[in-house]
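Content type compact mmCIF, C-alpha atoms, from the file my_file20.txt:
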```txt
# COMPACT_ATOMS: atom_id res chain seq x y z
CA VAL V 1 92.97 93.72 92.23
CA GLN V 2 90.89 91.38 90.14
CA LEU V 3 89.81 88.28 92.01
CA GLN V 4 88.59 85.08 90.46
CA ALA V 5 86.50 82.81 92.66
CA SER V 6 85.69 79.26 91.67
CA GLY V 7 84.73 75.87 93.05
CA GLY V 8 81.10 76.32 93.97
CA GLY V 9 78.47 73.73 93.21
CA SER V 10 75.71 71.57 94.62
CA VAL V 11 76.29 69.00 97.32
CA GLN V 12 74.26 67.04 99.83
CA ALA V 13 74.36 67.82 103.51
CA GLY V 14 77.47 66.43 105.11
CA GLY V 15 79.46 66.79 101.93
CA SER V 16 82.46 68.93 101.11
CA LEU V 17 83.50 71.57 98.62
CA ARG V 18 86.65 73.60 98.13
CA LEU V 19 86.51 77.14 96.88
CA SER V 20 89.45 78.96 95.31
CA CYS V 21 90.20 82.65 95.01
CA ALA V 22 93.01 83.68 92.71
CA ALA V 23 94.48 87.11 92.15
CA ALA V 24 94.59 88.09 88.50
CA GLY V 25 97.49 90.21 87.37
CA ARG V 26 99.17 90.66 90.76
CA THR V 27 100.11 88.90 93.96
CA PHE V 28 98.62 88.74 97.42
CA SER V 29 101.97 89.39 99.08
CA SER V 30 100.77 91.98 101.59
CA SER V 31 97.09 91.24 101.54
CA THR V 32 94.37 90.11 103.82
CA VAL V 33 91.97 87.87 101.93
CA ALA V 34 88.55 86.91 103.18
CA TRP V 35 85.50 84.92 102.28
CA PHE V 36 82.01 86.25 102.81
CA ARG V 37 78.69 84.73 101.88
CA GLN V 38 75.22 86.00 101.19
CA ALA V 39 72.07 83.95 101.21
CA PRO V 40 68.86 85.19 99.57
CA GLY V 41 67.14 87.79 101.71
CA LYS V 42 69.99 87.93 104.20
CA GLU V 43 72.87 90.27 104.87
CA ARG V 44 76.37 89.41 103.76
CA GLU V 45 78.09 87.31 106.42
CA PHE V 46 81.76 87.00 107.30
CA VAL V 47 83.10 83.48 106.83
CA ALA V 48 86.90 83.60 107.27
CA PHE V 49 90.01 85.64 106.59
CA ILE V 50 93.70 84.97 106.31
CA ARG V 51 96.70 87.26 106.10
CA PHE V 52 99.50 86.68 103.62
CA THR V 53 101.89 88.34 106.06
CA GLY V 54 101.26 85.60 108.61
CA GLY V 55 99.24 85.03 111.75
CA ASN V 56 96.27 82.89 112.56
CA PRO V 57 93.23 82.77 110.32
CA TYR V 58 89.88 83.84 111.73
CA TYR V 59 86.47 82.28 111.26
CA GLY V 60 82.87 83.21 111.69
CA ASP V 61 81.08 81.42 114.49
CA SER V 62 78.76 79.53 112.15
CA VAL V 63 81.61 77.84 110.26
CA MET V 64 84.16 77.35 113.04
CA GLY V 65 85.44 73.80 113.09
CA ARG V 66 83.95 72.93 109.69
CA PHE V 67 85.66 75.32 107.28
CA THR V 68 89.36 75.88 106.79
CA ILE V 69 90.91 78.81 104.99
CA SER V 70 94.41 78.40 103.58
CA LYS V 71 96.75 80.07 101.15
CA ASP V 72 99.31 79.26 98.53
CA ASN V 73 101.77 82.15 98.44
CA ALA V 74 103.43 81.02 95.22
CA LYS V 75 100.11 80.86 93.40
CA SER V 76 98.57 83.89 95.12
CA THR V 77 95.53 81.78 95.76
CA VAL V 78 93.33 81.38 98.81
CA TYR V 79 91.26 78.28 99.42
CA LEU V 80 88.20 77.64 101.53
CA GLN V 81 87.77 73.98 102.38
CA MET V 82 84.20 73.42 103.47
CA ASN V 83 83.37 70.19 105.26
CA SER V 84 80.25 68.90 106.99
CA LEU V 85 78.16 71.24 104.89
CA LYS V 86 74.67 72.11 106.04
CA PRO V 87 71.68 73.45 104.11
CA GLU V 88 72.14 76.76 105.93
CA ASP V 89 75.54 77.09 104.24
CA THR V 90 73.72 77.65 100.96
CA ALA V 91 74.73 81.08 99.66
CA VAL V 92 76.77 82.94 97.11
CA TYR V 93 80.35 82.98 98.38
CA TYR V 94 82.56 85.96 97.65
CA CYS V 95 86.27 86.40 98.13
CA ALA V 96 87.63 89.81 98.96
CA ALA V 97 91.08 91.32 99.36
CA ALA V 98 92.61 94.29 101.12
CA ASP V 99 96.22 95.42 100.77
CA ARG V 100 96.63 95.95 104.48
CA ARG V 101 96.65 94.18 107.79
CA GLY V 102 94.20 95.12 110.47
CA ILE V 103 92.88 93.95 113.78
CA PRO V 104 90.44 91.05 113.54
CA ALA V 105 87.43 93.19 114.38
CA LEU V 106 88.10 95.28 111.29
CA SER V 107 89.06 92.42 109.01
CA ARG V 108 85.70 90.77 109.66
CA ARG V 109 83.87 93.70 108.10
CA ASP V 110 83.07 93.70 104.40
CA SER V 111 83.79 97.43 104.30
CA TRP V 112 87.46 96.64 105.06
CA TYR V 113 87.94 95.14 101.62
CA GLY V 114 88.40 97.05 98.39
CA SER V 115 88.54 94.22 95.88
CA TRP V 116 85.88 91.58 95.35
CA GLY V 117 85.48 88.50 93.23
CA GLN V 118 82.37 87.72 91.23
CA GLY V 119 80.87 85.20 93.67
CA THR V 120 80.34 81.49 93.37
CA GLN V 121 77.14 79.67 94.28
CA VAL V 122 77.16 76.93 96.90
CA THR V 123 73.97 74.91 97.30
CA VAL V 124 73.60 72.30 100.03
CA SER V 125 70.56 70.05 99.91
CA SER V 126 69.15 68.13 102.83
```

Take the structure in the file and give it back as structure tokens.
Amino acid sequence: VQLQASGGGSVQAGGSLRLSCAAAGRTFSSSTVAWFRQAPGKEREFVAFIRFTGGNPYYGDSVMGRFTISKDNAKSTVYLQMNSLKPEDTAVYYCAAADRRGIPALSRRDSWYGSWGQGTQVTVSS
């Protein structure tokens, strides 16, 4: 699955951005789609995932209450609404997809996902 991530940019602390992840050439009908991020010199970090088959979304501890992941089934697109942004949210954000449903502990791992988007830079200044 080809994934196209977009929506990154530069914003001041406290601001908001919305990222989008669209499937190219297919649908997300049975997929789990996630967002990860990677800051310079740091390991890739789980941000959130959502299942197109239903169920609650899951979030990483550092973004809980500030970020919201959502989906548009008709457009096969996943969004990440990021509010109350902090400088420590600065990173390249990647969307990823897996054509399966797993337990949350597995779906938080980047190794669970077989398809990745190209990444979009988010920069939050203080």

Exercise for the section: For Ser30 in chain V, list every protein, DNA or RNA residue within 12 Å, evaluated using all atoms listed in the file, and leave out those in the same chain fewer than 5 positions away; present the list as a ChimeraX atom specification. Expected result: /V:50-54,73,76,97-102

Taking 3 positions as the minimum chain separation for residues in the same chain, which residues sit within 12 Å of Gly9 in chain V when counting all atoms listed in the file? Answer as a PDB file with C-alpha atoms, in the frame of the given file.
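Resulting contents of part-v4.pdb:
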```pdb
ATOM      1  CA  SER V   6      85.690  79.260  91.670  1.00  0.00           C
ATOM      2  CA  GLN V  12      74.260  67.040  99.830  1.00  0.00           C
ATOM      3  CA  GLY V  15      79.460  66.790 101.930  1.00  0.00           C
ATOM      4  CA  SER V  16      82.460  68.930 101.110  1.00  0.00           C
ATOM      5  CA  LEU V  17      83.500  71.570  98.620  1.00  0.00           C
ATOM      6  CA  ARG V  18      86.650  73.600  98.130  1.00  0.00           C
ATOM      7  CA  LEU V  19      86.510  77.140  96.880  1.00  0.00           C
ATOM      8  CA  MET V  82      84.200  73.420 103.470  1.00  0.00           C
ATOM      9  CA  LEU V  85      78.160  71.240 104.890  1.00  0.00           C
ATOM     10  CA  ASP V  89      75.540  77.090 104.240  1.00  0.00           C
ATOM     11  CA  THR V  90      73.720  77.650 100.960  1.00  0.00           C
ATOM     12  CA  ALA V  91      74.730  81.080  99.660  1.00  0.00           C
ATOM     13  CA  VAL V  92      76.770  82.940  97.110  1.00  0.00           C
ATOM     14  CA  TYR V  93      80.350  82.980  98.380  1.00  0.00           C
ATOM     15  CA  GLY V 119      80.870  85.200  93.670  1.00  0.00           C
ATOM     16  CA  THR V 120      80.340  81.490  93.370  1.00  0.00           C
ATOM     17  CA  GLN V 121      77.140  79.670  94.280  1.00  0.00           C
ATOM     18  CA  VAL V 122      77.160  76.930  96.900  1.00  0.00           C
ATOM     19  CA  THR V 123      73.970  74.910  97.300  1.00  0.00           C
ATOM     20  CA  VAL V 124      73.600  72.300 100.030  1.00  0.00           C
ATOM     21  CA  SER V 125      70.560  70.050  99.910  1.00  0.00           C
TER      22      SER V 125
END
```

Practice task
Compare V:Ala74, V:Leu106, V:Val11, V:Ala39 by their minimum atom-to-atom distance to Tyr94 in chain V, counting only C-alpha atoms, and give me the closest one.
Solution key: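 Under the stated criterion, the closest residue is V:Ala39.
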
Handout entry: Gap from CA of Trp112 in chain V to CA of Lys71 in chain V - Å, one decimal
Key = 19.4 Å

Problem - For CA of Pro87 in chain V and CA of Gly41 in chain V, the interatomic separation in Å (one decimal) - result: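 Rounded to one decimal, the two atoms are 15.2 Å apart.
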
Any idea what's packed within 9 Å of Gln4 in chain V, counting only C-alpha atoms, ignoring anything in its chain fewer than 3 positions away? Could you give it as a short mmCIF file (atom, residue, chain, number, x, y, z; two decimals) with C-alpha atoms, in the frame of the given file?
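The file below, around-v3.cif, is the result:
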```
data_model
loop_
_atom_site.label_atom_id
_atom_site.label_comp_id
_atom_site.auth_asym_id
_atom_site.auth_seq_id
_atom_site.Cartn_x
_atom_site.Cartn_y
_atom_site.Cartn_z
CA SER V 20 89.45 78.96 95.31
CA CYS V 21 90.20 82.65 95.01
CA ALA V 22 93.01 83.68 92.71
CA ALA V 23 94.48 87.11 92.15
CA ALA V 24 94.59 88.09 88.50
CA CYS V 95 86.27 86.40 98.13
CA TRP V 116 85.88 91.58 95.35
CA GLY V 117 85.48 88.50 93.23
CA GLN V 118 82.37 87.72 91.23
CA GLY V 119 80.87 85.20 93.67
#
```

Problem - Given only C-alpha atoms as the counted atoms, nearest of V:Lys75, V:Arg44, V:Arg26, V:Lys86 to Arg108 in chain V - result: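 Selected residue with least distance to Arg108 in chain V: V:Arg44.
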
Practice task
For Met64 in chain V, work out the shell of residues within 12 Å, counting all atoms listed in the file and skipping chain neighbours fewer than 2 positions away, then give it as a list in words.
Solution key: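 Using all atoms listed in the file, the neighbours found are Phe46, Val47, Ala48, Pro57, Tyr58, Tyr59, Gly60, Asp61, Ser62, Arg66, Phe67, Thr68, Ile69, Gln81, Met82, Asn83, Ser84 and Leu85 of chain V.
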
Problem - Selected residue of minimal separation from Gly7 in chain V among V:Glu88, V:Leu80, V:Ile103, V:Asp110, counting all atoms listed in the file - result: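 Smallest separation from Gly7 in chain V among the options: V:Leu80.
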
Handout entry: Distance of CA of Val63 in chain V from CA of Lys42 in chain V, expressed in Å to one decimal place
Key =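 Computed distance, CA of Lys42 in chain V to CA of Val63 in chain V, equals 16.5 Å.
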
Practice task
Kindly indicate which residue among V:Gln38, V:Ser31, V:Ser111, V:Asn56 lies nearest to Val78 in chain V, using all atoms listed in the file for the distances.
Solution key: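 Comparing V:Gln38, V:Ser31, V:Ser111, V:Asn56 against Val78 in chain V, the winner is V:Ser31.
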
Handout entry: Best match for closeness to Gly55 in chain V among V:Phe28, V:Thr77, V:Ala13, V:Pro104, counting all atoms listed in the file
Key =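 Going through V:Phe28, V:Thr77, V:Ala13, V:Pro104 one by one, the smallest distance to Gly55 in chain V is for V:Pro104.
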